$ cat data-v3.cif   # mmCIF, C-alpha atoms
data_run
loop_
_atom_site.label_atom_id
_atom_site.label_comp_id
_atom_site.auth_asym_id
_atom_site.auth_seq_id
_atom_site.Cartn_x
_atom_site.Cartn_y
_atom_site.Cartn_z
CA MET S 1 0.00 0.00 0.00
CA ARG S 2 0.97 3.67 -0.31
CA VAL S 3 1.27 5.77 2.84
CA HIS S 4 0.46 9.48 2.81
CA LEU S 5 1.99 11.69 5.50
CA VAL S 6 0.57 15.20 5.53
CA ASP S 7 2.14 18.40 6.85
CA GLY S 8 -0.82 19.77 8.79
CA THR S 9 0.96 23.01 9.64
CA TYR S 10 1.69 23.80 6.00
CA GLU S 11 -1.87 22.92 5.01
CA LEU S 12 -3.34 25.13 7.72
CA PHE S 13 -1.19 28.11 6.69
CA ARG S 14 -2.00 27.53 3.03
CA HIS S 15 -5.73 27.43 3.60
CA TYR S 16 -5.66 30.38 5.98
CA PHE S 17 -4.38 32.65 3.23
CA ALA S 18 -6.45 31.06 0.46
CA VAL S 19 -10.02 30.72 1.69
CA PRO S 20 -12.58 33.32 2.80
CA SER S 21 -13.21 33.85 6.50
CA ALA S 22 -15.90 31.72 8.12
CA ALA S 23 -17.22 31.37 11.65
CA ALA S 24 -18.19 28.31 13.65
CA THR S 25 -21.43 28.02 15.59
CA ASP S 26 -19.85 29.92 18.50
CA GLY S 27 -18.33 32.63 16.28
CA THR S 28 -14.81 31.16 16.24
CA GLU S 29 -12.86 31.58 13.00
CA ILE S 30 -12.65 28.12 11.41
CA ALA S 31 -12.27 28.58 7.63
CA ALA S 32 -8.72 27.25 7.38
CA ALA S 33 -9.33 24.28 9.70
CA ARG S 34 -12.48 23.36 7.81
CA GLY S 35 -10.61 23.65 4.52
CA VAL S 36 -7.85 21.31 5.70
CA ALA S 37 -10.38 18.76 6.95
CA PHE S 38 -12.11 18.67 3.57
CA SER S 39 -8.77 18.60 1.75
CA VAL S 40 -7.58 15.54 3.69
CA LEU S 41 -10.96 13.87 3.26
CA SER S 42 -10.60 14.40 -0.50
CA MET S 43 -7.30 12.48 -0.36
CA LEU S 44 -9.15 9.54 1.17
CA GLU S 45 -11.88 9.82 -1.44
CA ALA S 46 -9.18 9.78 -4.13
CA GLY S 47 -7.94 6.41 -2.86
CA ALA S 48 -5.57 7.02 0.05
CA THR S 49 -5.92 4.18 2.55
CA HIS S 50 -3.12 4.78 5.07
CA LEU S 51 -2.74 8.39 6.10
CA GLY S 52 -1.52 10.51 9.01
CA VAL S 53 -1.15 14.22 9.71
CA ALA S 54 1.54 15.93 11.79
CA THR S 55 0.96 19.40 13.25
CA ASP S 56 3.02 21.91 15.17
CA HIS S 57 0.70 21.96 18.15
CA VAL S 58 3.25 24.34 19.68
CA ILE S 59 5.27 26.36 17.16
CA GLU S 60 8.36 26.47 19.37
CA SER S 61 10.48 23.33 19.76
CA PHE S 62 13.76 22.09 21.23
CA ARG S 63 15.53 23.96 18.41
CA ASN S 64 14.64 27.30 20.01
CA ASP S 65 17.01 26.40 22.85
CA MET S 66 19.77 25.74 20.31
CA TRP S 67 19.49 28.98 18.34
CA PRO S 68 17.87 32.19 19.67
CA GLY S 69 16.69 33.28 16.23
CA TYR S 70 14.82 30.07 15.46
CA LYS S 71 11.21 30.47 14.35
CA THR S 72 8.50 31.16 16.92
CA GLY S 73 4.79 31.80 16.83
CA VAL S 74 5.18 35.47 17.80
CA ASP S 75 4.36 36.86 14.35
CA VAL S 76 1.68 34.31 13.51
CA GLU S 77 -1.84 35.75 13.33
CA PRO S 78 -3.83 34.84 16.48
CA GLU S 79 -6.77 33.65 14.36
CA LEU S 80 -4.42 31.21 12.63
CA LEU S 81 -2.79 29.94 15.81
CA ALA S 82 -6.21 29.39 17.35
CA GLN S 83 -7.14 26.99 14.56
CA PHE S 84 -4.39 24.46 15.30
CA PRO S 85 -6.38 22.60 17.99
CA ILE S 86 -9.52 22.92 15.86
CA VAL S 87 -7.95 21.30 12.79
CA GLU S 88 -6.46 18.55 14.96
CA GLU S 89 -9.86 17.73 16.44
CA ALA S 90 -11.57 17.99 13.05
CA LEU S 91 -9.14 15.54 11.45
CA GLU S 92 -9.49 13.11 14.34
CA ALA S 93 -13.26 13.30 13.95
CA VAL S 94 -12.84 12.36 10.29
CA GLY S 95 -10.93 9.33 11.58
CA VAL S 96 -7.43 10.42 10.61
CA VAL S 97 -4.38 9.81 12.82
CA VAL S 98 -2.93 13.11 14.06
CA TRP S 99 0.45 13.66 15.70
CA ARG S 100 0.35 16.84 17.77
CA MET S 101 4.00 17.78 18.00
CA GLU S 102 5.20 19.86 20.96
CA GLU S 103 8.85 19.32 21.92
CA TYR S 104 9.61 18.33 18.33
CA GLU S 105 8.28 19.71 15.05
CA ALA S 106 5.79 18.36 12.55
CA ASP S 107 8.72 17.78 10.18
CA ASP S 108 10.36 15.50 12.76
CA GLY S 109 7.08 13.65 13.11
CA MET S 110 6.74 12.98 9.39
CA ALA S 111 10.40 11.98 9.13
CA SER S 112 9.99 9.52 12.00
CA VAL S 113 6.84 7.90 10.66
CA ALA S 114 8.29 7.67 7.14
CA ALA S 115 11.31 5.82 8.51
CA ALA S 116 9.18 3.59 10.74
CA VAL S 117 6.78 2.35 8.06
CA ALA S 118 9.09 2.35 5.03
CA ASP S 119 9.69 -1.40 5.12
CA GLU S 120 5.95 -2.15 5.25
CA ALA S 121 4.80 0.24 2.53
CA GLU S 122 5.07 0.07 -1.23
CA GLN S 123 5.70 3.81 -1.21
CA VAL S 124 5.65 6.64 1.32
CA LEU S 125 4.53 10.06 0.13
CA ILE S 126 5.52 12.96 2.38
CA CYS S 127 2.96 15.59 1.42
CA THR S 128 4.65 18.97 1.76
CA PRO S 129 6.84 21.27 -0.36
CA ASP S 130 9.02 22.03 2.70
CA LYS S 131 12.65 21.65 1.63
CA ASP S 132 13.62 20.21 5.03
CA LEU S 133 11.73 17.02 4.22
CA SER S 134 13.77 16.47 1.06
CA GLN S 135 16.42 14.87 3.29
CA CYS S 136 14.02 11.96 3.92
CA VAL S 137 13.66 10.99 0.26
CA VAL S 138 14.97 7.52 -0.59
CA GLY S 139 15.03 6.53 -4.27
CA GLN S 140 11.44 6.25 -5.46
CA HIS S 141 10.35 4.56 -2.24
CA ILE S 142 10.10 7.54 0.10
CA VAL S 143 9.20 10.60 -1.96
CA GLN S 144 8.07 14.14 -1.42
CA PHE S 145 4.69 15.14 -2.87
CA ASP S 146 3.80 18.77 -3.47
CA ARG S 147 0.02 18.47 -3.61
CA ARG S 148 -0.48 22.07 -4.69
CA ALA S 149 1.81 21.67 -7.72
CA ASN S 150 0.81 18.00 -8.14
CA LYS S 151 4.48 17.10 -8.41
CA ILE S 152 6.42 14.22 -6.87
CA PHE S 153 10.11 14.54 -6.02
CA ASP S 154 12.00 11.28 -5.84
CA GLU S 155 15.76 11.15 -5.26
CA ALA S 156 16.53 12.23 -8.82
CA GLY S 157 14.05 15.08 -8.43
CA VAL S 158 15.74 16.31 -5.25
CA ILE S 159 19.11 16.31 -6.99
CA GLU S 160 17.64 18.18 -9.94
CA LYS S 161 16.04 20.78 -7.66
CA PHE S 162 18.90 21.42 -5.22
CA GLY S 163 21.97 20.04 -6.95
CA VAL S 164 22.70 17.69 -4.04
CA PRO S 165 21.31 14.30 -2.93
CA PRO S 166 18.85 14.02 -0.01
CA ALA S 167 21.58 13.12 2.49
CA SER S 168 23.28 16.49 1.86
CA ILE S 169 20.19 18.66 2.37
CA PRO S 170 21.04 19.54 6.02
CA ASP S 171 24.54 20.55 4.92
CA TYR S 172 23.09 22.58 2.04
CA LEU S 173 20.67 24.42 4.34
CA ALA S 174 23.48 25.05 6.84
CA LEU S 175 25.42 26.90 4.16
CA VAL S 176 22.64 28.81 2.40
CA GLY S 177 20.42 29.31 5.45
CA ASP S 178 16.69 28.86 5.90
CA SER S 179 14.75 32.09 6.38
CA ALA S 180 11.54 30.17 7.15
CA ASP S 181 13.19 28.50 10.13
CA GLY S 182 15.22 31.54 11.18
CA PHE S 183 18.88 30.68 10.68
CA PRO S 184 21.06 32.65 8.21
CA GLY S 185 23.62 30.25 6.78
CA LEU S 186 27.14 31.50 6.09
CA PRO S 187 28.00 34.83 4.40
CA GLY S 188 28.83 34.50 0.72
CA TRP S 189 27.57 30.95 0.37
CA GLY S 190 24.71 30.75 -2.11
CA ALA S 191 22.71 27.97 -3.72
CA LYS S 192 25.12 27.49 -6.63
CA SER S 193 28.33 27.43 -4.60
CA ALA S 194 26.85 25.20 -1.89
CA ALA S 195 25.48 22.76 -4.45
CA ALA S 196 28.74 22.61 -6.39
CA VAL S 197 30.91 21.95 -3.33
CA LEU S 198 28.52 19.53 -1.64
CA ALA S 199 27.93 17.62 -4.86
CA ARG S 200 31.63 16.74 -4.66
CA TYR S 201 32.15 16.37 -0.91
CA GLY S 202 28.71 15.52 0.45
CA HIS S 203 28.99 16.95 3.95
CA LEU S 204 30.45 19.98 5.70
CA GLU S 205 32.89 17.86 7.65
CA ASP S 206 34.36 16.47 4.44
CA ILE S 207 35.05 19.79 2.71
CA PRO S 208 38.85 20.31 2.76
CA VAL S 209 40.05 23.28 4.82
CA ASP S 210 42.78 23.97 2.26
CA VAL S 211 41.04 25.45 -0.78
CA GLU S 212 44.04 24.51 -2.93
CA THR S 213 42.96 20.89 -2.63
CA TRP S 214 39.37 21.50 -3.69
CA GLU S 215 38.42 19.34 -6.65
CA VAL S 216 35.65 21.67 -7.72
CA SER S 217 35.70 25.13 -9.28
CA VAL S 218 33.52 27.84 -7.74
CA ARG S 219 33.69 31.61 -7.75
CA SER S 220 35.48 33.20 -4.77
CA ALA S 221 36.50 29.75 -3.56
CA LYS S 222 39.17 31.00 -1.15
CA LYS S 223 36.78 33.45 0.49
CA LEU S 224 34.17 30.71 0.86
CA ALA S 225 36.71 28.30 2.33
CA ASP S 226 37.93 30.94 4.78
CA THR S 227 34.39 31.74 5.84
CA LEU S 228 33.62 28.08 6.40
CA ALA S 229 36.80 27.58 8.43
CA ASP S 230 36.14 30.69 10.55
CA GLN S 231 32.48 29.88 11.15
CA ILE S 232 32.52 26.10 11.18
CA ASP S 233 30.90 25.95 14.63
CA ASP S 234 27.94 27.98 13.39
CA ALA S 235 27.74 25.88 10.23
CA LEU S 236 27.60 22.65 12.21
CA LEU S 237 24.97 24.15 14.51
CA PHE S 238 22.85 25.15 11.50
CA LYS S 239 23.26 21.65 10.10
CA ASP S 240 22.03 20.21 13.39
CA LEU S 241 19.03 22.57 13.29
CA ALA S 242 18.23 21.41 9.76
CA THR S 243 18.63 17.72 10.54
CA LEU S 244 15.27 16.11 11.22
CA ARG S 245 14.89 13.70 14.12
CA ALA S 246 13.63 10.50 12.53
CA ASP S 247 13.52 8.16 15.53
CA LEU S 248 10.47 9.34 17.46
CA PRO S 249 8.21 6.44 18.57
CA LEU S 250 4.97 7.64 16.95
CA VAL S 251 3.70 4.42 15.33
CA LYS S 252 4.08 0.71 15.96
CA SER S 253 3.21 -0.43 12.45
CA VAL S 254 1.74 0.81 9.20
CA ASP S 255 -1.61 -0.62 10.33
CA ASP S 256 -1.86 2.29 12.77
CA LEU S 257 -2.39 4.57 9.76
CA GLU S 258 -5.23 2.68 8.07
CA TRP S 259 -8.37 4.79 7.72
CA ARG S 260 -11.35 2.91 9.13
CA GLY S 261 -14.04 5.54 8.89
CA PRO S 262 -15.05 8.62 10.89
CA ALA S 263 -14.99 8.76 14.67
CA GLU S 264 -18.07 9.03 16.86
CA GLY S 265 -17.51 12.77 17.24
CA ILE S 266 -17.94 13.51 13.53
CA SER S 267 -21.53 14.77 13.91
CA LYS S 268 -20.65 17.22 16.66
CA MET S 269 -17.60 18.47 14.78
CA ALA S 270 -19.51 18.84 11.50
CA ASP S 271 -22.13 20.92 13.32
CA PHE S 272 -19.46 23.10 14.95
CA LEU S 273 -17.77 23.71 11.60
CA ARG S 274 -21.12 24.32 9.86
CA ALA S 275 -20.06 21.58 7.46
CA PRO S 276 -22.71 18.84 7.22
CA ALA S 277 -21.01 17.58 4.05
CA LEU S 278 -17.96 16.61 6.10
CA GLU S 279 -19.98 14.02 7.99
CA GLU S 280 -21.98 12.92 4.96
CA ARG S 281 -18.94 12.37 2.76
CA ALA S 282 -16.91 10.62 5.47
CA LYS S 283 -19.73 8.20 6.29
CA ARG S 284 -20.48 7.54 2.63
CA LEU S 285 -16.82 6.78 1.97
CA ALA S 286 -16.70 4.37 4.91
CA GLU S 287 -19.76 2.56 3.59
CA ASP S 288 -18.31 2.31 0.08
CA ARG S 289 -15.16 0.71 1.47
#
$ encode --input "data-v3.cif" --output "structure tokens"
Amino acid sequence: MRVHLVDGTYELFRHYFAVPSAAATDGTEIAAARGVAFSVLSMLEAGATHLGVATDHVIESFRNDMWPGYKTGVDVEPELLAQFPIVEEALEAVGVVVWRMEEYEADDGMASVAAAVADEAEQVLICTPDKDLSQCVVGQHIVQFDRRANKIFDEAGVIEKFGVPPASIPDYLALVGDSADGFPGLPGWGAKSAAAVLARYGHLEDIPVDVETWEVSVRSAKKLADTLADQIDDALLFKDLATLRADLPLVKSVDDLEWRGPAEGISKMADFLRAPALEERAKRLAEDR
């Protein structure tokens, strides 16, 4: 079977900025959460059988203790933050497994589940365009699926996109930085130079300190080498920030992800969201299966 792992945080942000405002029965803003619930239900209707969603139940994580500039929820709109618990409950009512990440991030959750079920699944699709998750791609077995662009990135696709294989993505992000996560990378290092050097050496630790021994030609090579040598501690810290934790005990087997129909709370949730179709479609799908 194919396993679909969905980035609930990305989906909630995407829907928040894409759908018109809507209020629940108590006046709470719920448009984005409702949109995500219907979007995930549509994946099940399209044939997904084993599916789970990871969310950043708390935006901050252990990485905030490692780097003071790491992303927080400070600048996130309150109406968006308030919908995290709503979307989690809505998805659980639909019958979908949800991992509410607190100490770790949703990305760590998806990475861990992908690794845990890989041997049992025909293919694992990590549904997010987030470049961090590209490090989890393995051949055509564990792939990244950008649902919005309807494009799948296997290992060859990752190399084509970044110029480096999945295993080098943390090193790549350490050099070029990741503005979404809040760490800057190293001065002077850009996408082209990082890709060229890492395509040859793979990891930061394997890049020769002596630029004269580099077996790759890049512009301003000496300056780049000097910067890396001077700021190697920062580079390794950024690499650690970008490295997903893939050993969290979130599932026991792929069977934990099988969709078996909506939960008992689907009626109450559908009423709260003013979405009777959510209950109707979920129940109809369960009957058809």
$ closest_atom_pairs --input "data-v3.cif" --of "range 65-121 of chain S" --to "range 241-262 of chain S" --cutoff "8 Å" --atoms "all atoms listed in the file" --output "tab-separated table"
residue	atom	partner	partner_atom	distance
S:Met66	CA	S:Leu241	CA	7.7
S:Glu92	CA	S:Pro262	CA	7.9
S:Ala93	CA	S:Pro262	CA	5.9
S:Val94	CA	S:Pro262	CA	4.4
S:Gly95	CA	S:Pro262	CA	4.2
S:Val96	CA	S:Trp259	CA	6.4
S:Val97	CA	S:Leu257	CA	6.4
S:Trp99	CA	S:Leu250	CA	7.6
S:Asp107	CA	S:Leu244	CA	6.8
S:Asp108	CA	S:Arg245	CA	5.1
S:Gly109	CA	S:Leu248	CA	7.0
S:Met110	CA	S:Ala246	CA	8.0
S:Ala111	CA	S:Ala246	CA	4.9
S:Ser112	CA	S:Ala246	CA	3.8
S:Val113	CA	S:Leu250	CA	6.6
S:Ala115	CA	S:Ala246	CA	6.6
S:Ala116	CA	S:Val251	CA	7.2
S:Val117	CA	S:Val254	CA	5.4
S:Glu120	CA	S:Val254	CA	6.5
S:Ala121	CA	S:Val254	CA	7.4
$ resolve_selection --input "data-v3.cif" --expression "the PyMOL selection byres ((chain S and resi 8) around 8)" --output "PyMOL selection string"
chain S and resi 6-7+9-12+36+53-56+106
$ resolve_selection --input "data-v3.cif" --expression "the PyMOL selection byres ((chain S and resi 195) around 10)" --output "ChimeraX atom specification"
/S:159,162-165,168-169,171-172,175-176,189-194,196-202
$ resolve_selection --input "data-v3.cif" --expression "the PyMOL selection byres ((chain S and resi 45) around 12)" --output "PyMOL selection string"
chain S and resi 38-44+46-49+51+259+261+278+281-289
$ atom_distance --input "data-v3.cif" --atom1 "CA of Asp271 in chain S" --atom2 "CA of Ser21 in chain S"
17.1 Å
$ atom_distance --input "data-v3.cif" --atom1 "CA of Asp65 in chain S" --atom2 "CA of Glu103 in chain S"
10.8 Å
$ residues_around --input "data-v3.cif" --residues "Asp234 in chain S" --least-positions-apart "4" --cutoff "12 Å" --atoms "all atoms listed in the file" --output "MDAnalysis selection string"
chainID S and resid 66:67 171 174:175 177 183:187 204 227:230 238:241
$ atom_distance --input "data-v3.cif" --atom1 "CA of Phe145 in chain S" --atom2 "CA of Asp181 in chain S"
20.5 Å
$ decode --input "data-v3.cif" --residues "range 137-217 of chain S" --atoms "C-alpha atoms" --output "compact mmCIF listing (two decimals), in the first residue's frame"
# COMPACT_ATOMS: atom_id res chain seq x y z
CA VAL S 137 13.66 10.99 0.26
CA VAL S 138 14.97 7.52 -0.59
CA GLY S 139 15.03 6.53 -4.27
CA GLN S 140 11.44 6.25 -5.46
CA HIS S 141 10.35 4.56 -2.24
CA ILE S 142 10.10 7.54 0.10
CA VAL S 143 9.20 10.60 -1.96
CA GLN S 144 8.07 14.14 -1.42
CA PHE S 145 4.69 15.14 -2.87
CA ASP S 146 3.80 18.77 -3.47
CA ARG S 147 0.02 18.47 -3.61
CA ARG S 148 -0.48 22.07 -4.69
CA ALA S 149 1.81 21.67 -7.72
CA ASN S 150 0.81 18.00 -8.14
CA LYS S 151 4.48 17.10 -8.41
CA ILE S 152 6.42 14.22 -6.87
CA PHE S 153 10.11 14.54 -6.02
CA ASP S 154 12.00 11.28 -5.84
CA GLU S 155 15.76 11.15 -5.26
CA ALA S 156 16.53 12.23 -8.82
CA GLY S 157 14.05 15.08 -8.43
CA VAL S 158 15.74 16.31 -5.25
CA ILE S 159 19.11 16.31 -6.99
CA GLU S 160 17.64 18.18 -9.94
CA LYS S 161 16.04 20.78 -7.66
CA PHE S 162 18.90 21.42 -5.22
CA GLY S 163 21.97 20.04 -6.95
CA VAL S 164 22.70 17.69 -4.04
CA PRO S 165 21.31 14.30 -2.93
CA PRO S 166 18.85 14.02 -0.01
CA ALA S 167 21.58 13.12 2.49
CA SER S 168 23.28 16.49 1.86
CA ILE S 169 20.19 18.66 2.37
CA PRO S 170 21.04 19.54 6.02
CA ASP S 171 24.54 20.55 4.92
CA TYR S 172 23.09 22.58 2.04
CA LEU S 173 20.67 24.42 4.34
CA ALA S 174 23.48 25.05 6.84
CA LEU S 175 25.42 26.90 4.16
CA VAL S 176 22.64 28.81 2.40
CA GLY S 177 20.42 29.31 5.45
CA ASP S 178 16.69 28.86 5.90
CA SER S 179 14.75 32.09 6.38
CA ALA S 180 11.54 30.17 7.15
CA ASP S 181 13.19 28.50 10.13
CA GLY S 182 15.22 31.54 11.18
CA PHE S 183 18.88 30.68 10.68
CA PRO S 184 21.06 32.65 8.21
CA GLY S 185 23.62 30.25 6.78
CA LEU S 186 27.14 31.50 6.09
CA PRO S 187 28.00 34.83 4.40
CA GLY S 188 28.83 34.50 0.72
CA TRP S 189 27.57 30.95 0.37
CA GLY S 190 24.71 30.75 -2.11
CA ALA S 191 22.71 27.97 -3.72
CA LYS S 192 25.12 27.49 -6.63
CA SER S 193 28.33 27.43 -4.60
CA ALA S 194 26.85 25.20 -1.89
CA ALA S 195 25.48 22.76 -4.45
CA ALA S 196 28.74 22.61 -6.39
CA VAL S 197 30.91 21.95 -3.33
CA LEU S 198 28.52 19.53 -1.64
CA ALA S 199 27.93 17.62 -4.86
CA ARG S 200 31.63 16.74 -4.66
CA TYR S 201 32.15 16.37 -0.91
CA GLY S 202 28.71 15.52 0.45
CA HIS S 203 28.99 16.95 3.95
CA LEU S 204 30.45 19.98 5.70
CA GLU S 205 32.89 17.86 7.65
CA ASP S 206 34.36 16.47 4.44
CA ILE S 207 35.05 19.79 2.71
CA PRO S 208 38.85 20.31 2.76
CA VAL S 209 40.05 23.28 4.82
CA ASP S 210 42.78 23.97 2.26
CA VAL S 211 41.04 25.45 -0.78
CA GLU S 212 44.04 24.51 -2.93
CA THR S 213 42.96 20.89 -2.63
CA TRP S 214 39.37 21.50 -3.69
CA GLU S 215 38.42 19.34 -6.65
CA VAL S 216 35.65 21.67 -7.72
CA SER S 217 35.70 25.13 -9.28
